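Structure file work_16.cif; described as mmCIF, C-alpha atoms and all ligand atoms.
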```
data_entry
#
loop_
_atom_site.label_atom_id
_atom_site.label_comp_id
_atom_site.auth_asym_id
_atom_site.auth_seq_id
_atom_site.Cartn_x
_atom_site.Cartn_y
_atom_site.Cartn_z
CA MET A 30 73.51 147.16 107.72
CA LYS A 31 76.06 147.08 110.51
CA PHE A 32 75.42 144.86 113.54
CA PHE A 33 76.35 146.05 117.01
CA ALA A 34 76.00 143.86 120.11
CA ASP A 35 73.97 145.51 122.86
CA THR A 36 75.76 143.89 125.78
CA ALA A 37 78.69 144.33 128.17
CA VAL A 38 79.16 140.59 128.75
CA ILE A 39 82.68 139.79 127.54
CA ASP A 40 82.09 136.09 126.76
CA GLU A 41 79.08 136.97 124.58
CA ILE A 42 81.06 139.63 122.73
CA LYS A 43 83.93 137.18 122.10
CA GLU A 44 81.49 134.60 120.74
CA LEU A 45 79.80 137.12 118.45
CA ALA A 46 83.15 138.52 117.27
CA GLU A 47 84.18 135.01 116.23
CA THR A 48 81.29 134.91 113.73
CA GLY A 49 83.02 137.75 111.86
CA LEU A 50 79.67 139.54 111.65
CA LEU A 51 80.06 141.96 114.54
CA ASP A 52 80.73 145.60 113.67
CA GLY A 53 80.62 147.23 117.10
CA VAL A 54 79.24 147.16 120.63
CA THR A 55 76.89 149.40 122.60
CA THR A 56 76.86 149.54 126.39
CA ASN A 57 74.82 151.59 128.83
CA PRO A 58 74.80 151.89 132.64
CA THR A 59 72.15 149.15 132.94
CA LEU A 60 74.17 146.72 130.80
CA ILE A 61 77.33 147.48 132.80
CA HIS A 62 75.40 146.81 136.02
CA LYS A 63 74.08 143.51 134.59
CA SER A 64 77.59 142.43 133.53
CA GLY A 65 78.87 142.96 137.08
CA GLY A 66 82.18 144.36 135.80
CA ASP A 67 84.06 147.60 136.43
CA PHE A 68 82.96 150.15 133.78
CA VAL A 69 86.35 151.35 132.50
CA GLU A 70 87.90 147.87 132.67
CA THR A 71 84.95 146.34 130.82
CA VAL A 72 85.00 148.94 128.03
CA THR A 73 88.78 148.54 127.75
CA GLU A 74 88.41 144.78 127.34
CA ILE A 75 85.66 145.19 124.74
CA THR A 76 87.82 147.55 122.67
CA LYS A 77 90.48 144.85 122.51
CA ILE A 78 88.00 142.30 121.14
CA VAL A 79 86.10 144.54 118.69
CA GLN A 80 87.82 147.05 116.43
CA GLY A 81 84.58 148.84 115.42
CA PRO A 82 82.82 151.54 117.48
CA VAL A 83 82.33 150.70 121.18
CA SER A 84 79.80 152.99 122.87
CA ALA A 85 80.44 154.05 126.46
CA GLU A 86 77.88 156.30 128.15
CA VAL A 87 78.49 159.33 130.33
CA VAL A 88 76.30 159.67 133.42
CA ALA A 89 76.83 163.36 134.27
CA LEU A 90 73.90 165.57 133.29
CA ASP A 91 75.80 168.84 132.78
CA HIS A 92 78.16 169.67 129.93
CA ASP A 93 81.29 170.12 132.08
CA GLY A 94 80.66 166.88 133.90
CA MET A 95 80.02 165.04 130.62
CA MET A 96 83.28 166.40 129.21
CA ARG A 97 85.22 165.26 132.28
CA GLU A 98 83.80 161.74 131.99
CA ALA A 99 84.29 161.69 128.21
CA GLU A 100 87.98 162.56 128.73
CA VAL A 101 88.42 159.35 130.73
CA LEU A 102 86.40 157.22 128.33
CA ARG A 103 87.91 158.44 125.05
CA LYS A 104 91.41 157.78 126.35
CA ILE A 105 90.55 154.06 126.46
CA ALA A 106 90.80 153.74 122.65
CA ASP A 107 90.23 155.75 119.48
CA HIS A 108 87.25 153.56 118.59
CA VAL A 109 85.29 154.44 121.72
CA ALA A 110 82.10 156.35 120.84
CA ILE A 111 80.97 158.58 123.69
CA LYS A 112 77.28 158.11 124.38
CA VAL A 113 75.46 161.25 125.48
CA PRO A 114 71.76 161.75 126.25
CA LEU A 115 69.53 163.77 123.94
CA THR A 116 69.46 166.93 126.07
CA PRO A 117 70.80 170.45 125.43
CA ASP A 118 73.91 169.63 127.50
CA GLY A 119 74.26 166.29 125.73
CA LEU A 120 74.21 167.91 122.30
CA LYS A 121 76.60 170.66 123.41
CA THR A 122 78.95 167.91 124.50
CA CYS A 123 78.36 166.11 121.20
CA ARG A 124 79.36 169.19 119.21
CA LYS A 125 82.52 169.68 121.29
CA LEU A 126 83.62 166.04 121.11
CA ARG A 127 82.96 165.85 117.36
CA GLY A 128 85.11 168.96 116.91
CA ASP A 129 87.93 166.97 118.50
CA GLY A 130 87.33 164.04 116.15
CA THR A 131 85.75 161.78 118.78
CA MET A 132 82.82 159.57 117.75
CA VAL A 133 79.54 160.37 119.53
CA ASN A 134 76.42 158.25 119.91
CA VAL A 135 73.41 160.37 120.92
CA THR A 136 71.13 158.11 122.90
CA LEU A 137 67.59 158.02 124.28
CA CYS A 138 66.03 159.37 121.08
CA PHE A 139 62.24 159.07 120.97
CA SER A 140 61.23 161.60 118.30
CA ALA A 141 62.24 162.63 114.79
CA ASN A 142 62.75 166.22 115.95
CA GLN A 143 65.26 164.99 118.52
CA ALA A 144 67.04 163.08 115.75
CA LEU A 145 67.14 166.25 113.63
CA LEU A 146 68.78 168.13 116.52
CA ALA A 147 71.37 165.37 116.96
CA ALA A 148 72.27 165.46 113.26
CA LYS A 149 72.69 169.24 113.43
CA ALA A 150 75.02 168.71 116.43
CA GLY A 151 77.15 166.46 114.20
CA ALA A 152 76.39 163.15 115.95
CA THR A 153 78.14 160.10 114.52
CA PHE A 154 75.19 157.91 115.56
CA ILE A 155 71.62 158.61 116.62
CA SER A 156 70.01 155.89 118.75
CA PRO A 157 66.21 155.77 118.43
CA PHE A 158 64.82 153.26 120.96
CA VAL A 159 62.36 151.13 118.99
CA GLY A 160 61.30 148.63 121.67
CA ARG A 161 60.68 151.23 124.36
CA LEU A 162 58.35 153.13 122.00
CA ASP A 163 56.50 149.89 121.20
CA ASP A 164 56.19 149.36 124.98
CA VAL A 165 54.17 152.57 125.35
CA GLY A 166 51.92 151.84 122.38
CA GLN A 167 53.77 153.81 119.70
CA ASN A 168 55.25 152.21 116.60
CA GLY A 169 59.02 152.39 117.08
CA MET A 170 59.73 151.51 113.45
CA ASP A 171 57.75 154.55 112.28
CA LEU A 172 60.39 156.64 114.03
CA ILE A 173 63.18 154.89 112.12
CA SER A 174 61.33 155.61 108.84
CA ASP A 175 60.83 159.28 109.74
CA ILE A 176 64.48 159.76 110.64
CA ARG A 177 65.61 158.00 107.43
CA LEU A 178 63.42 160.38 105.40
CA ILE A 179 64.67 163.51 107.19
CA TYR A 180 68.35 162.53 107.07
CA ASP A 181 68.09 161.69 103.37
CA ASN A 182 66.31 165.01 102.67
CA TYR A 183 69.35 166.91 103.93
CA ASP A 184 72.14 164.40 103.32
CA TYR A 185 73.03 164.25 107.00
CA ASP A 186 75.73 161.68 107.52
CA THR A 187 74.70 160.85 111.09
CA GLN A 188 74.16 157.09 111.13
CA ILE A 189 70.79 155.75 112.27
CA LEU A 190 71.49 153.17 114.96
CA ALA A 191 68.24 151.30 115.63
CA ALA A 192 68.34 150.51 119.37
CA SER A 193 66.15 148.78 121.94
CA ILE A 194 65.72 145.94 119.45
CA ARG A 195 63.58 143.16 120.88
CA SER A 196 63.13 140.60 118.07
CA PRO A 197 64.50 139.34 114.73
CA VAL A 198 61.47 141.05 113.13
CA HIS A 199 62.77 144.38 114.46
CA MET A 200 66.12 143.62 112.77
CA LEU A 201 64.37 142.85 109.48
CA GLU A 202 62.18 145.96 109.60
CA ALA A 203 65.15 148.19 110.45
CA ALA A 204 67.07 146.73 107.50
CA LYS A 205 64.13 147.24 105.13
CA ILE A 206 63.81 150.88 106.15
CA GLY A 207 67.54 151.41 105.73
CA ALA A 208 68.84 151.92 109.27
CA ASP A 209 72.62 152.12 109.03
CA VAL A 210 73.17 150.05 112.16
CA ALA A 211 71.09 147.94 114.54
CA THR A 212 72.22 147.11 118.04
CA ALA A 213 70.69 144.03 119.58
CA PRO A 214 71.14 141.65 122.49
CA THR A 215 73.18 138.52 121.70
CA LYS A 216 70.07 136.32 121.81
CA ILE A 217 68.38 138.31 119.02
CA LEU A 218 71.49 138.34 116.82
CA MET A 219 71.82 134.55 117.19
CA GLN A 220 68.08 134.05 116.50
CA MET A 221 68.63 135.62 113.07
CA PHE A 222 70.43 132.41 112.03
CA ASN A 223 67.42 130.25 112.79
CA HIS A 224 65.06 128.65 110.31
CA PRO A 225 63.53 125.18 110.75
CA LEU A 226 63.95 124.45 107.03
CA THR A 227 67.70 125.02 107.38
CA ASP A 228 67.81 122.50 110.24
CA ASN A 229 65.66 120.01 108.33
CA GLY A 230 67.74 120.47 105.19
CA ILE A 231 70.99 119.80 107.05
CA ALA A 232 69.53 116.68 108.68
CA SER A 233 68.29 115.24 105.38
CA PHE A 234 71.50 116.07 103.47
CA LEU A 235 73.55 114.40 106.22
CA LYS A 236 71.38 111.30 106.15
CA ASP A 237 71.74 110.96 102.38
CA TRP A 238 75.47 111.70 102.54
CA GLN A 239 76.00 108.93 105.09
CA ALA A 240 74.09 106.58 102.77
CA THR A 241 76.70 107.21 100.03
CA GLY A 242 79.43 105.86 102.34
CA GLN A 243 81.78 108.59 101.03
CA LYS A 244 84.09 111.04 102.81
CA ILE A 245 85.38 114.42 101.64
CA VAL A 246 88.56 114.22 103.71
C1 LIG B 301 71.20 151.26 123.04
O1 LIG B 301 72.30 151.70 122.88
C2 LIG B 301 70.66 150.84 124.34
O2 LIG B 301 71.73 150.33 125.09
C3 LIG B 301 69.66 149.71 124.25
O3 LIG B 301 69.39 149.35 122.92
C4 LIG B 301 68.48 149.86 125.11
O4 LIG B 301 67.65 148.74 124.95
P1 LIG B 301 66.50 148.36 126.00
O5 LIG B 301 65.34 149.26 125.76
O6 LIG B 301 66.19 146.93 125.67
O7 LIG B 301 67.08 148.55 127.38
#
```
Could the structure of this file be written out as structure tokens, please?
Ligand code: E4P
Amino acid sequence: MKFFADTAVIDEIKELAETGLLDGVTTNPTLIHKSGGDFVETVTEITKIVQGPVSAEVVALDHDGMMREAEVLRKIADHVAIKVPLTPDGLKTCRKLRGDGTMVNVTLCFSANQALLAAKAGATFISPFVGRLDDVGQNGMDLISDIRLIYDNYDYDTQILAASIRSPVHMLEAAKIGADVATAPTKILMQMFNHPLTDNGIASFLKDWQATGQKIV
């Protein structure tokens, strides 16, 4: 499973990139607002740090407006994925951009039927929002399972990008179902490293190593 960082904070992205485990980045207008940076400058900087897909979202609601914004965003770098909402205009824009060879991330997906439409529009990524479904009392992971089943039935190559991830358990469940990608806040990605037995094991190995009085170098 590929890991994308769901953040527009440059220092966090640099730190995650240094682990060698980061495959891409997703941004949205809220994350850009939280980062405090200029949108185009921030995306440009991210594309220099991460060579995998970097999602940048259009804010226009009509196809022509989306295309005008996408023109600006896709000029930033070839690995920018244009994020469009799951609306008729969004999918029309998706189809057009894919025809030009541009990656497209169809966002704000909350049903399997919506995911089916996005695959038919040739989306590179579909972003089902797991946490936001959980928030309204639906099981977000059930949506990931349904989309996996449908995409496998028809061999769609649209990648399932599990989004709105709120915990390491979400990461685990998405991986078990077979999501192609999960995008998560930095905190969640770093929490995946944690296990108290790892910490205890390191502490006891170090104690015993010191007792040997030896050095490796
Ligand atoms: C995905 O691309 C979105 O940016 C993100 O995962 C939304 O997550 P949220 O529901 O925590 O805002």
Centre and size of axis-aligned box enclosing ligand LIG 301 (chain B) plus 3 Å each side, as AutoDock Vina command-line options:
```
--center_x 68.8 --center_y 149.3 --center_z 125.1 --size_x 13.0 --size_y 10.8 --size_z 10.5
```
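Distances here use all atoms listed in the file; by that measure, the residue among A:Thr136, A:Asn182, A:Thr131, A:Thr71 closest to ligand LIG 301 (chain B) is A:Thr136.
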Got a sec: who's within 10 Å of Thr73 of chain A, counting all atoms listed in the file, leaving out chain neighbours fewer than 5 positions off, as a PyMOL selection string? chain A and resi 67-68+78+83+102+104-106+109
Tell me, in Å to one decimal, how far atom CA of Ala37 of chain A is from atom CA of Gly66 of chain A. 8.4 Å
Let me have all residues with an atom within 8 Å of ligand LIG 301 (chain B), counting only C-alpha atoms and all ligand atoms, laid out as a CSV table (one decimal) with C-alpha atoms, keeping the file's coordinate frame.
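pocket-v5.csv, written as the output of this step:
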```
chain,number,residue,atom,x,y,z
A,35,ASP,CA,74.0,145.5,122.9
A,36,THR,CA,75.8,143.9,125.8
A,55,THR,CA,76.9,149.4,122.6
A,56,THR,CA,76.9,149.5,126.4
A,57,ASN,CA,74.8,151.6,128.8
A,59,THR,CA,72.2,149.2,132.9
A,60,LEU,CA,74.2,146.7,130.8
A,84,SER,CA,79.8,153.0,122.9
A,136,THR,CA,71.1,158.1,122.9
A,137,LEU,CA,67.6,158.0,124.3
A,156,SER,CA,70.0,155.9,118.8
A,158,PHE,CA,64.8,153.3,121.0
A,159,VAL,CA,62.4,151.1,119.0
A,160,GLY,CA,61.3,148.6,121.7
A,161,ARG,CA,60.7,151.2,124.4
A,191,ALA,CA,68.2,151.3,115.6
A,192,ALA,CA,68.3,150.5,119.4
A,193,SER,CA,66.2,148.8,121.9
A,194,ILE,CA,65.7,145.9,119.4
A,195,ARG,CA,63.6,143.2,120.9
A,212,THR,CA,72.2,147.1,118.0
A,213,ALA,CA,70.7,144.0,119.6
A,214,PRO,CA,71.1,141.6,122.5
```
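Candidate residues A:Arg97, A:Lys43, A:Lys149, A:His92 were compared for distance to Lys121 of chain A, and the nearest is A:His92, using all atoms listed in the file.
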In Å, how far is it from atom CA of Pro225 of chain A to atom CA of Ala46 of chain A? 24.6 Å
Residue contacts of Pro197 of chain A (10 Å, only C-alpha atoms) excluding same-chain residues fewer than 3 positions away, as a list in words: Ile194, Met200, Leu201, Glu202, Ala203, Ala213, Lys216, Ile217, Leu218, Met219, Gln220, Met221, Phe222 and Asn223 of chain A
Counting only C-alpha atoms, which residue out of A:Asn134, A:Gln243, A:Arg124, A:Asp129 sits closest to Ala85 of chain A? A:Asn134
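Closest approach to Ala144 of chain A among A:Thr227, A:Ser196, A:Gln188, A:Thr122: A:Gln188, based on all atoms listed in the file.
Among the candidate residues A:Ala204, A:Met96, A:Val54, A:Ile155, the one lying nearest to Phe139 of chain A is A:Ile155, with distances computed using all atoms listed in the file.
Interatomic distance, atom CA of Val87 of chain A to atom CA of Leu45 of chain A: 25.2 Å.
Nearest to Leu162 of chain A of all the residues A:Cys138, A:Thr48, A:Asp118, A:Ala147 is A:Cys138, based on all atoms listed in the file.
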Compile the contact shell of Asp209 of chain A as number ranges by chain: residues with an atom at most 7 Å away, counting only C-alpha atoms, same-chain residues fewer than 4 positions apart removed. A: 30-31, 188-190
Have segment 121-132 of chain A completed to all heavy atoms, please, and pass it along as a PDB file, in the coordinates of the input.
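The resulting file, part22.pdb, is reproduced below:
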```pdb
ATOM      1  N   LYS A 121      75.453 169.743 123.317  1.00  0.00           N
ATOM      2  CA  LYS A 121      76.600 170.660 123.410  1.00  0.00           C
ATOM      3  C   LYS A 121      77.894 169.835 123.524  1.00  0.00           C
ATOM      4  O   LYS A 121      78.909 170.114 122.870  1.00  0.00           O
ATOM      5  CB  LYS A 121      76.416 171.545 124.654  1.00  0.00           C
ATOM      6  CG  LYS A 121      77.393 172.673 124.800  1.00  0.00           C
ATOM      7  CD  LYS A 121      76.991 173.543 125.980  1.00  0.00           C
ATOM      8  CE  LYS A 121      78.121 174.475 126.380  1.00  0.00           C
ATOM      9  NZ  LYS A 121      77.839 175.209 127.613  1.00  0.00           N
ATOM     10  N   THR A 122      77.799 168.801 124.330  1.00  0.00           N
ATOM     11  CA  THR A 122      78.950 167.910 124.500  1.00  0.00           C
ATOM     12  C   THR A 122      79.254 167.181 123.195  1.00  0.00           C
ATOM     13  O   THR A 122      80.421 167.025 122.806  1.00  0.00           O
ATOM     14  CB  THR A 122      78.653 166.883 125.630  1.00  0.00           C
ATOM     15  OG1 THR A 122      78.296 167.607 126.804  1.00  0.00           O
ATOM     16  CG2 THR A 122      79.840 165.988 125.913  1.00  0.00           C
ATOM     17  N   CYS A 123      78.204 166.787 122.497  1.00  0.00           N
ATOM     18  CA  CYS A 123      78.360 166.110 121.200  1.00  0.00           C
ATOM     19  C   CYS A 123      79.147 167.006 120.241  1.00  0.00           C
ATOM     20  O   CYS A 123      80.134 166.589 119.634  1.00  0.00           O
ATOM     21  CB  CYS A 123      76.979 165.794 120.634  1.00  0.00           C
ATOM     22  SG  CYS A 123      76.991 165.163 118.953  1.00  0.00           S
ATOM     23  N   ARG A 124      78.706 168.236 120.120  1.00  0.00           N
ATOM     24  CA  ARG A 124      79.360 169.190 119.210  1.00  0.00           C
ATOM     25  C   ARG A 124      80.849 169.345 119.541  1.00  0.00           C
ATOM     26  O   ARG A 124      81.710 169.304 118.677  1.00  0.00           O
ATOM     27  CB  ARG A 124      78.625 170.531 119.299  1.00  0.00           C
ATOM     28  CG  ARG A 124      79.258 171.673 118.592  1.00  0.00           C
ATOM     29  CD  ARG A 124      79.302 171.542 117.095  1.00  0.00           C
ATOM     30  NE  ARG A 124      78.007 171.675 116.457  1.00  0.00           N
ATOM     31  CZ  ARG A 124      77.732 171.222 115.224  1.00  0.00           C
ATOM     32  NH1 ARG A 124      78.657 170.595 114.524  1.00  0.00           N
ATOM     33  NH2 ARG A 124      76.545 171.389 114.698  1.00  0.00           N
ATOM     34  N   LYS A 125      81.128 169.473 120.851  1.00  0.00           N
ATOM     35  CA  LYS A 125      82.520 169.680 121.290  1.00  0.00           C
ATOM     36  C   LYS A 125      83.372 168.447 120.976  1.00  0.00           C
ATOM     37  O   LYS A 125      84.474 168.554 120.432  1.00  0.00           O
ATOM     38  CB  LYS A 125      82.516 169.978 122.803  1.00  0.00           C
ATOM     39  CG  LYS A 125      83.869 170.096 123.441  1.00  0.00           C
ATOM     40  CD  LYS A 125      84.503 171.455 123.135  1.00  0.00           C
ATOM     41  CE  LYS A 125      85.856 171.648 123.779  1.00  0.00           C
ATOM     42  NZ  LYS A 125      86.931 170.901 123.136  1.00  0.00           N
ATOM     43  N   LEU A 126      82.849 167.275 121.322  1.00  0.00           N
ATOM     44  CA  LEU A 126      83.620 166.040 121.110  1.00  0.00           C
ATOM     45  C   LEU A 126      83.835 165.785 119.617  1.00  0.00           C
ATOM     46  O   LEU A 126      84.903 165.342 119.194  1.00  0.00           O
ATOM     47  CB  LEU A 126      82.892 164.844 121.736  1.00  0.00           C
ATOM     48  CG  LEU A 126      82.845 164.820 123.269  1.00  0.00           C
ATOM     49  CD1 LEU A 126      81.907 163.713 123.751  1.00  0.00           C
ATOM     50  CD2 LEU A 126      84.237 164.617 123.863  1.00  0.00           C
ATOM     51  N   ARG A 127      82.821 166.062 118.802  1.00  0.00           N
ATOM     52  CA  ARG A 127      82.960 165.850 117.360  1.00  0.00           C
ATOM     53  C   ARG A 127      84.024 166.784 116.785  1.00  0.00           C
ATOM     54  O   ARG A 127      84.769 166.408 115.888  1.00  0.00           O
ATOM     55  CB  ARG A 127      81.620 166.078 116.644  1.00  0.00           C
ATOM     56  CG  ARG A 127      80.564 165.054 116.971  1.00  0.00           C
ATOM     57  CD  ARG A 127      80.952 163.648 116.534  1.00  0.00           C
ATOM     58  NE  ARG A 127      81.019 163.517 115.104  1.00  0.00           N
ATOM     59  CZ  ARG A 127      82.020 162.937 114.427  1.00  0.00           C
ATOM     60  NH1 ARG A 127      83.065 162.446 115.081  1.00  0.00           N
ATOM     61  NH2 ARG A 127      81.993 162.845 113.125  1.00  0.00           N
ATOM     62  N   GLY A 128      84.086 167.997 117.349  1.00  0.00           N
ATOM     63  CA  GLY A 128      85.110 168.960 116.910  1.00  0.00           C
ATOM     64  C   GLY A 128      86.512 168.438 117.162  1.00  0.00           C
ATOM     65  O   GLY A 128      87.464 168.785 116.453  1.00  0.00           O
ATOM     66  N   ASP A 129      86.627 167.580 118.176  1.00  0.00           N
ATOM     67  CA  ASP A 129      87.930 166.970 118.500  1.00  0.00           C
ATOM     68  C   ASP A 129      88.149 165.666 117.743  1.00  0.00           C
ATOM     69  O   ASP A 129      89.130 164.957 117.989  1.00  0.00           O
ATOM     70  CB  ASP A 129      88.014 166.646 119.998  1.00  0.00           C
ATOM     71  CG  ASP A 129      87.899 167.882 120.871  1.00  0.00           C
ATOM     72  OD1 ASP A 129      88.076 168.994 120.344  1.00  0.00           O
ATOM     73  OD2 ASP A 129      87.644 167.717 122.082  1.00  0.00           O
ATOM     74  N   GLY A 130      87.176 165.281 116.920  1.00  0.00           N
ATOM     75  CA  GLY A 130      87.330 164.040 116.150  1.00  0.00           C
ATOM     76  C   GLY A 130      86.884 162.780 116.882  1.00  0.00           C
ATOM     77  O   GLY A 130      87.122 161.669 116.405  1.00  0.00           O
ATOM     78  N   THR A 131      86.229 162.949 118.025  1.00  0.00           N
ATOM     79  CA  THR A 131      85.750 161.780 118.780  1.00  0.00           C
ATOM     80  C   THR A 131      84.369 161.365 118.274  1.00  0.00           C
ATOM     81  O   THR A 131      83.525 162.221 118.018  1.00  0.00           O
ATOM     82  CB  THR A 131      85.664 162.140 120.288  1.00  0.00           C
ATOM     83  OG1 THR A 131      86.980 162.490 120.728  1.00  0.00           O
ATOM     84  CG2 THR A 131      85.131 160.986 121.128  1.00  0.00           C
ATOM     85  N   MET A 132      84.147 160.047 118.165  1.00  0.00           N
ATOM     86  CA  MET A 132      82.820 159.570 117.750  1.00  0.00           C
ATOM     87  C   MET A 132      81.827 159.784 118.888  1.00  0.00           C
ATOM     88  O   MET A 132      82.173 159.611 120.066  1.00  0.00           O
ATOM     89  CB  MET A 132      82.856 158.067 117.435  1.00  0.00           C
ATOM     90  CG  MET A 132      83.528 157.724 116.129  1.00  0.00           C
ATOM     91  SD  MET A 132      83.306 155.976 115.710  1.00  0.00           S
ATOM     92  CE  MET A 132      84.360 155.181 116.914  1.00  0.00           C
TER      93      MET A 132
END
```
